[in-house]
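S.K.: One structure coming up, written as structure tokens, with questions to follow.
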Amino acid sequence: MLGFITRPPRQLLSLLCIGYRFPRSSVLCTQHRPRAMAVSSSTSWELPLVAVCQVTSTPNKKENFKTCAELVLEAARLGACLAFLPEAFDFIARNPAETLQLSEPLDGDLMERYSQLARECGIWLSLGGFHERGQDWEQTQKIYNCHVLLNNKGLVVAQYRKTHLCDVEIPGQGPMRESNSTMPGRTLEPPISTPAGKVGLAICYDMRFPELSLKLAQAGAEILTYPSAFGSVTGPAHWEVLLRARAIESQCYVIAAAQCGRHHETRASYGHSMVVDPWGTVVARCSEGPGLCLARIDLNFLRQMRQHLPVFQHRRPDLYGSLGQPLS
């Protein structure tokens, strides 16, 4: 598995994309699995390439789109078939009132611009966490945190509304009350076939609920996506370990595009966007600041993993079929 973490050597850059400049922080790295698991019959350059974008959104929607578009263009030029953007790629507001004011419907101007971007670049886009004014906007005056998947023709092929809202109080990080401005989604979206594999959609706080990842894997997911805006306290403690746990237990690739840095005077995010393979190895990760990382998706490796460790055949739902119940 070959992963890229933004600053490749100059000679590699010239081979990949003559005349195109990477963001400043970029390094080529190779991650090795244990020898017993390195069993893919495909050469690495035959495998689908995905790009994971890391940004610092602000309340300025125009500038946010410009930043995201540049990363998507870079991903397409490097040969990625699918680019992943983080939660709140459209904007991060200063307060709930500004969030509601800046939000748009799915058929609004901003989503049309991303549709055009996907179409012109010929790339699939995972837009993880769009502030959506739903059809019930007039009644509720609340939005949905909506993960939108566009194909390379710019068409919406799936949309998932975040089901687990982040209402927490973390000492040192400040309270988060997502439900003040956001309605929870009611359903999961079935995994969608893409050029990289079958993708299951989730968002950020969803990663704390393994029931969701297992449900998506049982429905056929090969890739789980957790576009996020993790905080500076929970990030160092929980981010990587949760993503690796979700990959290992579901035997899926996990792709997590993240917000990073300071968005405005009261909000900052942890960053560390990454791709984890089904063995739990981090095969690509972003360095500090905005940029992207690249990874190849090896579905033969995934299938062999599931054959060697058939954990889904060993599950005992007769013993723990009601794990969604609150603690007593």
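Letters A, B, ... mark the chains of the structure tokens in the order given; residue numbers begin at 1 per chain; ligand numbers begin at 1, in order shown.
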I need the residues of segment 138-214 of chain A that end up classed as alpha helix (DSSP H) by DSSP on the backbone, written out as a list in words.
M.R.: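 So, restricting segment 138-214 of chain A to alpha helix (DSSP H), we get Glu138, Gln139, Thr140, Pro210, Glu211, Leu212, Ser213 and Leu214 of chain A.
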S.K.: Please produce a file of those selected residues containing C-alpha atoms, as a compact mmCIF listing (two decimals), in the first residue's frame.
M.R.:
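The resulting again-v7.txt:
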# COMPACT_ATOMS: atom_id res chain seq x y z
CA GLU A 138 -39.77 26.79 7.28
CA GLN A 139 -41.31 24.72 10.09
CA THR A 140 -38.22 23.89 12.17
CA PRO A 210 -19.54 1.12 16.39
CA GLU A 211 -23.08 -0.11 15.78
CA LEU A 212 -23.28 2.26 12.80
CA SER A 213 -20.03 1.06 11.23
CA LEU A 214 -20.98 -2.60 11.69
S.K.: May I have the residues within 7 Å of Cys204 of chain A as number ranges by chain, using only C-alpha atoms and disregarding those fewer than 5 positions away in the same chain?
M.R.: A: 226-229
S.K.: Write out the residues from the selection above, keeping C-alpha atoms, as a PDB file, in the first residue's frame.
M.R.:
ATOM      1  CA  TYR A 226     -15.865   9.980   8.736  1.00  0.00           C
ATOM      2  CA  PRO A 227     -15.469  13.581   7.558  1.00  0.00           C
ATOM      3  CA  SER A 228     -14.847  15.517  10.746  1.00  0.00           C
ATOM      4  CA  ALA A 229     -14.072  18.652  12.698  1.00  0.00           C
TER       5      ALA A 229
END
S.K.: Where does segment 39-141 of chain A meet segment 241-258 of chain A within 10 Å, residue by residue, with the nearest atom pair and distance in Å to one decimal for each, counting only C-alpha atoms, listed by chain and rising number, as a tab-separated table?
M.R.:
residue	atom	partner	partner_atom	distance
A:Val50	CA	A:Ile255	CA	9.2
A:Ala51	CA	A:Ala257	CA	9.1
A:Val52	CA	A:Ala257	CA	5.5
A:Cys53	CA	A:Ala257	CA	5.7
A:Gln54	CA	A:Ala258	CA	5.4
A:Val55	CA	A:Ala258	CA	7.1
A:Thr56	CA	A:Ala258	CA	8.8
A:Ala83	CA	A:Ala257	CA	9.4
A:Phe84	CA	A:Ala257	CA	6.1
A:Leu85	CA	A:Ala257	CA	5.7
A:Pro86	CA	A:Ala257	CA	4.6
A:Glu87	CA	A:Ala258	CA	6.9
A:Ala88	CA	A:Ala258	CA	9.4
A:Phe89	CA	A:Ala258	CA	9.2
A:Ser126	CA	A:Ala257	CA	9.5
A:Leu127	CA	A:Ala257	CA	9.8
A:Gly128	CA	A:Ala257	CA	8.2
S.K.: Nearest to Gln159 of chain A among A:Thr187, A:Gln141, A:Thr182, A:Gln259, with distances taken over only C-alpha atoms: which residue is it?
M.R.: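 Nearest candidate to Gln159 of chain A out of A:Thr187, A:Gln141, A:Thr182, A:Gln259: A:Thr187.
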S.K.: Point out the residue among A:Ile170, A:Met183, A:Val283, A:Ala158 with the least atom-to-atom distance to Val199 of chain A, counting only C-alpha atoms.
M.R.: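 Using only C-alpha atoms, Val199 of chain A sits closest to A:Ala158.
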S.K.: May I ask for the distance between atom CA of Ala93 of chain A and atom CA of Glu288 of chain A, given in Å to one decimal place?
M.R.: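 So the answer is 22.0 Å.
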S.K.: Go through A:Lys142, A:Arg316, A:Lys198, A:Arg77 and flag the residue nearest Ile223 of chain A, using only C-alpha atoms for the distances.
M.R.: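 Nearest to Ile223 of chain A: A:Lys198.
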S.K.: Compile a residue-level contact table for segment 165-252 of chain A against segment 148-157 of chain A at a cut-off of 12 Å, reporting for every qualifying residue the shortest atom pair and its distance in Å to one decimal, with only C-alpha atoms counted, rows ordered by chain and ascending number, as a tab-separated table.
M.R.:
residue	atom	partner	partner_atom	distance
A:Glu189	CA	A:Val157	CA	10.6
A:Pro190	CA	A:Val157	CA	11.0
A:Pro191	CA	A:Val157	CA	10.7
A:Ile192	CA	A:Val157	CA	7.9
A:Ser193	CA	A:Val157	CA	9.6
A:Thr194	CA	A:Asn151	CA	8.0
A:Pro195	CA	A:Asn151	CA	9.5
A:Ala196	CA	A:Asn151	CA	11.8
A:Val199	CA	A:Leu149	CA	9.5
A:Gly200	CA	A:Leu149	CA	10.3
A:Leu201	CA	A:Leu149	CA	8.6
A:Ala202	CA	A:Val148	CA	10.2
A:Ile203	CA	A:Val148	CA	10.7
A:Thr225	CA	A:Leu149	CA	11.0
A:Pro227	CA	A:Val148	CA	11.0
S.K.: Step one, run DSSP on the backbone; step two, keep only residues of segment 231-262 of chain A assigned to strand (DSSP E or B); then write them as a ChimeraX atom specification.
M.R.: /A:253-256,258-262
S.K.: Do you have the atom CA of Ser181 of chain A-atom CA of Leu100 of chain A distance handy?
M.R.: 6.9 Å
S.K.: I'd like the contact shell of segment 57-73 of chain A - 6 Å cut-off, only C-alpha atoms, skipping same-chain residues fewer than 4 positions apart - returned as a list in words.
M.R.: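 Within the cut-off, the hits are Asp90, Phe91, Ile92, Ala93 and His263 of chain A.
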S.K.: Take the residues just selected and output them with all heavy atoms as a short mmCIF file (atom, residue, chain, number, x, y, z; two decimals), in the first residue's frame.
M.R.:
data_model
loop_
_atom_site.label_atom_id
_atom_site.label_comp_id
_atom_site.auth_asym_id
_atom_site.auth_seq_id
_atom_site.Cartn_x
_atom_site.Cartn_y
_atom_site.Cartn_z
N ASP A 90 -18.12 23.69 3.76
CA ASP A 90 -18.74 24.91 3.22
C ASP A 90 -18.45 26.13 4.08
O ASP A 90 -18.15 27.21 3.57
CB ASP A 90 -20.25 24.72 3.02
CG ASP A 90 -20.97 24.15 4.24
OD1 ASP A 90 -20.30 23.74 5.22
OD2 ASP A 90 -22.21 24.09 4.21
N PHE A 91 -18.52 25.98 5.42
CA PHE A 91 -18.17 27.08 6.33
C PHE A 91 -18.20 26.58 7.77
O PHE A 91 -18.81 25.56 8.08
CB PHE A 91 -19.14 28.26 6.18
CG PHE A 91 -20.56 27.95 6.57
CD1 PHE A 91 -20.99 28.07 7.90
CD2 PHE A 91 -21.48 27.54 5.62
CE1 PHE A 91 -22.30 27.78 8.26
CE2 PHE A 91 -22.79 27.25 5.97
CZ PHE A 91 -23.20 27.36 7.29
N ILE A 92 -17.53 27.29 8.64
CA ILE A 92 -17.67 27.13 10.09
C ILE A 92 -17.99 28.50 10.66
O ILE A 92 -17.16 29.42 10.59
CB ILE A 92 -16.42 26.53 10.74
CG1 ILE A 92 -16.27 25.06 10.32
CG2 ILE A 92 -16.48 26.65 12.26
CD1 ILE A 92 -15.10 24.34 10.96
N ALA A 93 -19.20 28.64 11.17
CA ALA A 93 -19.70 29.94 11.63
C ALA A 93 -19.26 30.21 13.07
O ALA A 93 -18.77 29.33 13.78
CB ALA A 93 -21.21 29.98 11.53
N HIS A 263 -10.38 28.41 13.05
CA HIS A 263 -11.41 28.86 12.11
C HIS A 263 -11.82 30.30 12.37
O HIS A 263 -12.13 31.05 11.45
CB HIS A 263 -12.64 27.96 12.22
CG HIS A 263 -12.29 26.49 12.16
ND1 HIS A 263 -11.90 25.89 10.99
CD2 HIS A 263 -12.25 25.53 13.12
CE1 HIS A 263 -11.64 24.61 11.23
NE2 HIS A 263 -11.85 24.37 12.51
#
S.K.: May I have the residues within 9 Å of Trp239 of chain A as a list in words, using only C-alpha atoms and disregarding those fewer than 4 positions away in the same chain?
M.R.: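 Those residues are Phe230, Thr234, Gly235, Leu243, Arg244, Tyr270 and His272 of chain A.
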S.K.: Save out the residues we just selected, N, CA, C and O atoms, as an mmCIF file, in the first residue's frame.
M.R.:
data_model
loop_
_atom_site.group_PDB
_atom_site.id
_atom_site.type_symbol
_atom_site.label_atom_id
_atom_site.label_comp_id
_atom_site.auth_asym_id
_atom_site.auth_seq_id
_atom_site.Cartn_x
_atom_site.Cartn_y
_atom_site.Cartn_z
ATOM 1 N N PHE A 230 -12.858 17.536 14.483
ATOM 2 C CA PHE A 230 -12.552 17.155 15.866
ATOM 3 C C PHE A 230 -11.877 18.297 16.608
ATOM 4 O O PHE A 230 -11.099 19.059 16.031
ATOM 5 N N THR A 234 -10.241 16.371 22.367
ATOM 6 C CA THR A 234 -10.610 15.006 22.000
ATOM 7 C C THR A 234 -9.746 14.477 20.853
ATOM 8 O O THR A 234 -9.544 13.258 20.749
ATOM 9 N N GLY A 235 -9.233 15.361 20.015
ATOM 10 C CA GLY A 235 -8.428 14.926 18.879
ATOM 11 C C GLY A 235 -7.211 14.102 19.269
ATOM 12 O O GLY A 235 -7.091 12.937 18.862
ATOM 13 N N LEU A 243 -10.606 5.777 14.802
ATOM 14 C CA LEU A 243 -10.600 5.445 13.378
ATOM 15 C C LEU A 243 -9.990 4.070 13.133
ATOM 16 O O LEU A 243 -10.515 3.273 12.333
ATOM 17 N N ARG A 244 -8.918 3.760 13.814
ATOM 18 C CA ARG A 244 -8.294 2.450 13.640
ATOM 19 C C ARG A 244 -9.192 1.340 14.185
ATOM 20 O O ARG A 244 -9.283 0.251 13.597
ATOM 21 N N TYR A 270 -8.508 19.822 15.142
ATOM 22 C CA TYR A 270 -7.299 19.019 15.357
ATOM 23 C C TYR A 270 -6.579 18.639 14.067
ATOM 24 O O TYR A 270 -5.359 18.514 14.038
ATOM 25 N N HIS A 272 -5.128 16.173 11.178
ATOM 26 C CA HIS A 272 -4.635 14.797 11.104
ATOM 27 C C HIS A 272 -5.555 13.903 10.267
ATOM 28 O O HIS A 272 -5.883 12.775 10.658
#
